[in-house]
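What follows is a single structure, written as structure tokens, with notes after it.
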Amino acid sequence: MRDFECRDGEMIIGGLSATEIADRYGTPVYVTDEEALRNNFRRIHKAFNKQMSTRIHYACKANSNMAILKILEQEGACIDAVSLGEVLTCLKVGYSPERIMYTGVNVSNEELEGLVEAGVHINLDSFSALRRLASISIDAPISFRVTPGIGSGHHEKVITGAKNSKFGVPIEDIVDAYREAMDLGFKPKGLHAHIGSGGLSVEPFLDLMEILLGVVSDLKDELGLKLEFLDMGGGIGIPYRPNEKPMDIEELATELTTMVKEESEVRTLAVEPGRYIVADSTVLLTRCVDVKRTSRKNFVGVDAGFNTLIRPAFYDSYHHVVIANKFGRACTERFDVVGPICESGDYLARDRVLPEPEEGDLIAVYDTGAYGFVMSSQYNSRPRCREVLVDKGEIALIRDKEDMDDIWRHQTIPARLLG
Ligand code: LLP
């Protein structure tokens with residue numbers, strides 16, 4: 001959680017007061033602070049690269065707004081993409097194909113053809129994908145995603161590396177996958193794994209690296225294959241709660257790179273952080289429209305529901321909330337912060353003590369840069385909201401809000417039902 005400046009009882013984001021931003025752009029609105037974004041990238045890039053050559057592949061599933069992608073492109077990021085759509089967006093923003101690695105699951109032939117045409121690195125997830133790619137092109141740069149058999153993450157829905165996972169080639173088959181790829185004429189470059197998302201401890205990553213180094217050594221011994229890089233995926237968590245400690249990124253980088261340097265001939269590492277880079281760069285501002293006190297519970301009703309931010313409803317995720325125009329005031333009462341969606345699972349925060357709320361107050365939801373806007377929807381026919389970028393007192397619109405035409409655009413009533 002970042003500390004925000006307080007000026008005259010107002011929360012300040014990127015040099016501007018939350019009220020000023022909301023008055024100008026309406027609510028709900030995602031507000032990204034460019035400086036925080038750049039600092040997050042620089043911190044992780046430096047921590048690894050002072051130890052050994054490491055490509056930071058920003059996992060753009062976390063936030064694929066083109067302005068954010070452009071900022072990270074300027075910083076020298078590479079990309080971890082999970083769909084052809086993400087690949088095409090990154091190419092459009094200015095990333096060269098060499099900077100993009102695609103790691104998909106259950107990939108169609110159509111998508112494989114698009115990836116080959118785009119010229120990006122492909123992380124294969126199965127024997128089926130290998131064989132289908134071979135019939136399209138054997139010149140594509142490839143690696144395999146291995147299922148390491150260990151997982152980590154903030155919720156069972158985001159653990160990917162466990163034995164029963166749908167992702168990757170099981171570890172017992174991984175040497176055979178490389179053997180078959182080489183027999184087909186491919187020249188595999190690397191090895192990839194991702195254990196899950198949102199873990200805050202270093203240990204699972206070290207366990208993963210031990211497993212990957214075992215595979216590297218098997219590939220060398222059994223196939224004479226020397227890999228150019230190892231990709232340990234993403235999954236670095238952030239402290240969403242006030243009392244949580246951030247992961248020690250220096251320790252992570254030092255320990256991992258030491259293992260790679262000491263136990264293999266691989267000289268390039270790849271890391272795929274999404275959340276770590278974007279989560280705390282962004283605050284969601286939502287307006288209090290209704291305050292309801294009942295004999296059992298109090299509610300702050302706001303104009304953003306799980307159509308705007310689904311993480312609390314979907315994963316029971318904690319996001320810190322404050323009243324931005326009563327910033328720093330004493331918290332007096334306990335409330336649930338709930339949205340306008342017609343489901344009782346529609347909440348942003350539960351059981352939070354807040355200063356006395358009133359209609360018109362501005363609620364700031366912290367750490368919403370990762371898996372925030374990208375997971376939003378038009379559920380209940382609510383158009384998606386705006387995104388803005390702030391930087392040292394300047395503000396720019398980076399995504400306009402939708403309107404009803406966006407909801408109706410692709411729908412047709414068959415002629416026989418009309419007239
Ligand atoms: N690499 C691969 C192959 C991944 O599948 C993911 C995330 C990442 C990297 C980036 O993980 P990160 O560093 O952001 O934790 N919607 C969920 C998170 C889903 C993550 C999916 N894969 C959430 O809101 O917590």
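Ligands are numbered from 1 in the order shown, chains are lettered A, B, ... in the order of the structure tokens, and residues start at 1 in each chain.
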Contacts with ligand 1 at most 9 Å, only C-alpha atoms and all ligand atoms counted, listed as a count of residues only: 55
Give me, as JSON, numbers by chain, the residues of stretch 102-246 of chain A that a backbone DSSP run labels strand (DSSP E or B). {"A": [102, 103, 121, 122, 123, 124, 142, 143, 144, 145, 146, 147, 159, 169, 170, 190, 191, 192, 196, 199, 229, 230, 231, 236]}
Would you write out those residues with C-alpha atoms, as a JSON list (two decimals), in the first residue's frame?
```
[["chain", "number", "residue", "atom", "x", "y", "z"],
["A", 102, "TYR", "CA", 3.33, -15.44, -25.68],
["A", 103, "THR", "CA", 2.26, -17.94, -23.02],
["A", 121, "HIS", "CA", 8.31, -16.14, -29.01],
["A", 122, "ILE", "CA", 5.82, -18.93, -28.21],
["A", 123, "ASN", "CA", 5.74, -20.81, -24.93],
["A", 124, "LEU", "CA", 4.06, -24.11, -25.70],
["A", 142, "ILE", "CA", 9.71, -21.71, -28.80],
["A", 143, "SER", "CA", 10.00, -22.80, -25.20],
["A", 144, "PHE", "CA", 7.82, -25.05, -23.08],
["A", 145, "ARG", "CA", 5.82, -24.24, -20.00],
["A", 146, "VAL", "CA", 6.40, -26.95, -17.44],
["A", 147, "THR", "CA", 3.94, -27.80, -14.65],
["A", 159, "ILE", "CA", -2.66, -21.08, -8.28],
["A", 169, "VAL", "CA", 3.50, -29.94, -19.73],
["A", 170, "PRO", "CA", 3.72, -32.26, -16.68],
["A", 190, "GLY", "CA", 14.09, -21.54, -22.98],
["A", 191, "LEU", "CA", 12.03, -23.07, -20.21],
["A", 192, "HIS", "CA", 9.06, -21.45, -18.50],
["A", 196, "GLY", "CA", 0.51, -18.67, -9.32],
["A", 199, "GLY", "CA", 2.24, -14.79, -3.12],
["A", 229, "PHE", "CA", 17.04, -18.52, -20.80],
["A", 230, "LEU", "CA", 14.94, -19.54, -17.83],
["A", 231, "ASP", "CA", 11.60, -17.86, -17.19],
["A", 236, "ILE", "CA", 5.05, -11.47, -7.02]]
```
Pick from A:Ala140, A:Asn325, A:Tyr95, A:Leu269, whichever lies nearest to A:Arg55 using only C-alpha atoms: A:Leu269
Pull the helix (DSSP H, G or I) assignments for stretch 211-278 of chain A out of DSSP run on the backbone, and list those residues as an NGL selection string. :A and (211-223 or 249-263 or 275-278)
Measuring atom to atom with only C-alpha atoms, identify which of A:Phe306, A:Phe4, A:Tyr240, A:Phe299 is nearest to A:Ile341.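 That would be A:Phe306, the residue with the smallest distance to A:Ile341.
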Could you give me, as a short mmCIF file (atom, residue, chain, number, x, y, z; two decimals) with C-alpha atoms, in the first residue's frame, the residues within 12 Å of A:Met182, counting only C-alpha atoms and dropping anything in the same chain fewer than 3 positions from it?
```
data_model
loop_
_atom_site.label_atom_id
_atom_site.label_comp_id
_atom_site.auth_asym_id
_atom_site.auth_seq_id
_atom_site.Cartn_x
_atom_site.Cartn_y
_atom_site.Cartn_z
CA LEU A 130 3.64 -28.46 -30.44
CA ARG A 131 2.39 -30.76 -33.20
CA ALA A 134 4.91 -27.83 -36.43
CA ILE A 138 9.13 -24.94 -37.34
CA ASP A 139 11.04 -21.64 -37.47
CA ILE A 142 9.71 -21.71 -28.80
CA SER A 143 10.00 -22.80 -25.20
CA VAL A 175 12.19 -33.95 -21.55
CA ASP A 176 10.06 -35.86 -24.08
CA ALA A 177 8.41 -32.60 -25.15
CA TYR A 178 11.80 -31.04 -25.93
CA ARG A 179 12.93 -34.27 -27.65
CA GLY A 185 13.09 -29.40 -36.36
CA PHE A 186 12.48 -26.72 -33.71
CA LYS A 187 15.36 -25.09 -31.84
CA PRO A 188 13.94 -24.58 -28.32
CA LYS A 189 15.34 -21.53 -26.55
CA LEU A 219 17.84 -31.51 -20.97
CA LEU A 223 19.34 -34.27 -25.26
CA GLY A 224 22.55 -32.22 -25.27
CA LEU A 225 20.30 -29.13 -25.29
#
```
Report as JSON, numbers by chain all protein, DNA and RNA residues lying within 7 Å of A:Thr32, evaluated on only C-alpha atoms, omitting residues in the same chain fewer than 6 positions from it. {"A": [281, 282, 283, 388, 389, 390]}
Serialized selection, N, CA and C atoms, as a compact mmCIF listing (two decimals), in the first residue's frame:
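Here's the written file selection07.txt:
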```txt
# COMPACT_ATOMS: atom_id res chain seq x y z
N SER A 281 -0.10 1.41 -8.53
CA SER A 281 0.00 2.69 -9.26
C SER A 281 -1.38 3.33 -9.42
N THR A 282 -2.43 2.58 -9.10
CA THR A 282 -3.78 3.03 -9.48
C THR A 282 -4.77 2.99 -8.32
N VAL A 283 -5.59 4.04 -8.28
CA VAL A 283 -6.67 4.14 -7.29
C VAL A 283 -7.98 4.21 -8.07
N VAL A 388 -7.79 7.51 -16.21
CA VAL A 388 -6.97 8.71 -16.42
C VAL A 388 -5.56 8.47 -15.88
N LEU A 389 -4.63 9.26 -16.42
CA LEU A 389 -3.23 9.16 -16.01
C LEU A 389 -2.82 10.49 -15.38
N VAL A 390 -2.26 10.43 -14.18
CA VAL A 390 -1.80 11.67 -13.55
C VAL A 390 -0.28 11.61 -13.41
```
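Across the model, the gap from atom CA of A:Ser381 to atom CA of A:Asp280 is 28.6 Å.
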Contact residues around A:Val120 with only C-alpha atoms at 8 Å, ignoring same-chain residues under 3 positions, as a CSV table (one decimal) with N, CA, C and O atoms, in the first residue's frame:
```
chain,number,residue,atom,x,y,z
A,97,PRO,N,8.6,-7.5,-32.0
A,97,PRO,CA,8.2,-8.9,-31.8
A,97,PRO,C,9.2,-9.6,-30.8
A,97,PRO,O,8.8,-10.4,-30.0
A,98,GLU,N,10.5,-9.2,-30.9
A,98,GLU,CA,11.5,-9.9,-30.1
A,98,GLU,C,11.3,-9.6,-28.6
A,98,GLU,O,11.8,-10.3,-27.7
A,99,ARG,N,10.6,-8.6,-28.3
A,99,ARG,CA,10.3,-8.2,-26.9
A,99,ARG,C,9.1,-8.9,-26.3
A,99,ARG,O,8.7,-8.7,-25.1
A,100,ILE,N,8.4,-9.7,-27.2
A,100,ILE,CA,7.1,-10.2,-26.7
A,100,ILE,C,7.2,-11.8,-26.6
A,100,ILE,O,7.6,-12.4,-27.5
A,101,MET,N,6.8,-12.3,-25.5
A,101,MET,CA,6.7,-13.7,-25.3
A,101,MET,C,5.2,-14.1,-25.0
A,101,MET,O,4.5,-13.4,-24.2
A,102,TYR,N,4.7,-15.0,-25.8
A,102,TYR,CA,3.3,-15.4,-25.7
A,102,TYR,C,3.3,-16.7,-24.9
A,102,TYR,O,4.0,-17.7,-25.2
A,115,LEU,N,0.2,-15.8,-34.3
A,115,LEU,CA,1.5,-15.6,-33.5
A,115,LEU,C,2.7,-15.8,-34.4
A,115,LEU,O,3.7,-15.0,-34.3
A,116,VAL,N,2.6,-16.8,-35.3
A,116,VAL,CA,3.8,-17.0,-36.2
A,116,VAL,C,3.9,-15.8,-37.1
A,116,VAL,O,5.0,-15.3,-37.3
A,140,ALA,N,9.5,-20.9,-35.8
A,140,ALA,CA,9.0,-20.1,-34.6
A,140,ALA,C,9.9,-20.3,-33.4
A,140,ALA,O,10.3,-21.5,-33.1
A,141,PRO,N,10.4,-19.2,-32.8
A,141,PRO,CA,11.1,-19.4,-31.5
A,141,PRO,C,10.2,-20.0,-30.4
A,141,PRO,O,9.1,-19.4,-30.2
```
Expressed in Å to a single decimal, how great is the separation between atom CA of A:Phe327 and atom CA of A:Tyr30?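 Atom CA of A:Tyr30 lies at a distance of 18.3 Å from atom CA of A:Phe327.
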Which neighbours of A:Asp248 fall inside 10 Å, counting only C-alpha atoms, when residues of the same chain fewer than 4 positions from it are skipped, and could you give them as a VMD selection string? chain A and resid 200 to 202 252 to 253
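The two atoms in question, atom CA of A:Thr257 and atom CA of A:Arg43, are spaced 15.9 Å apart.
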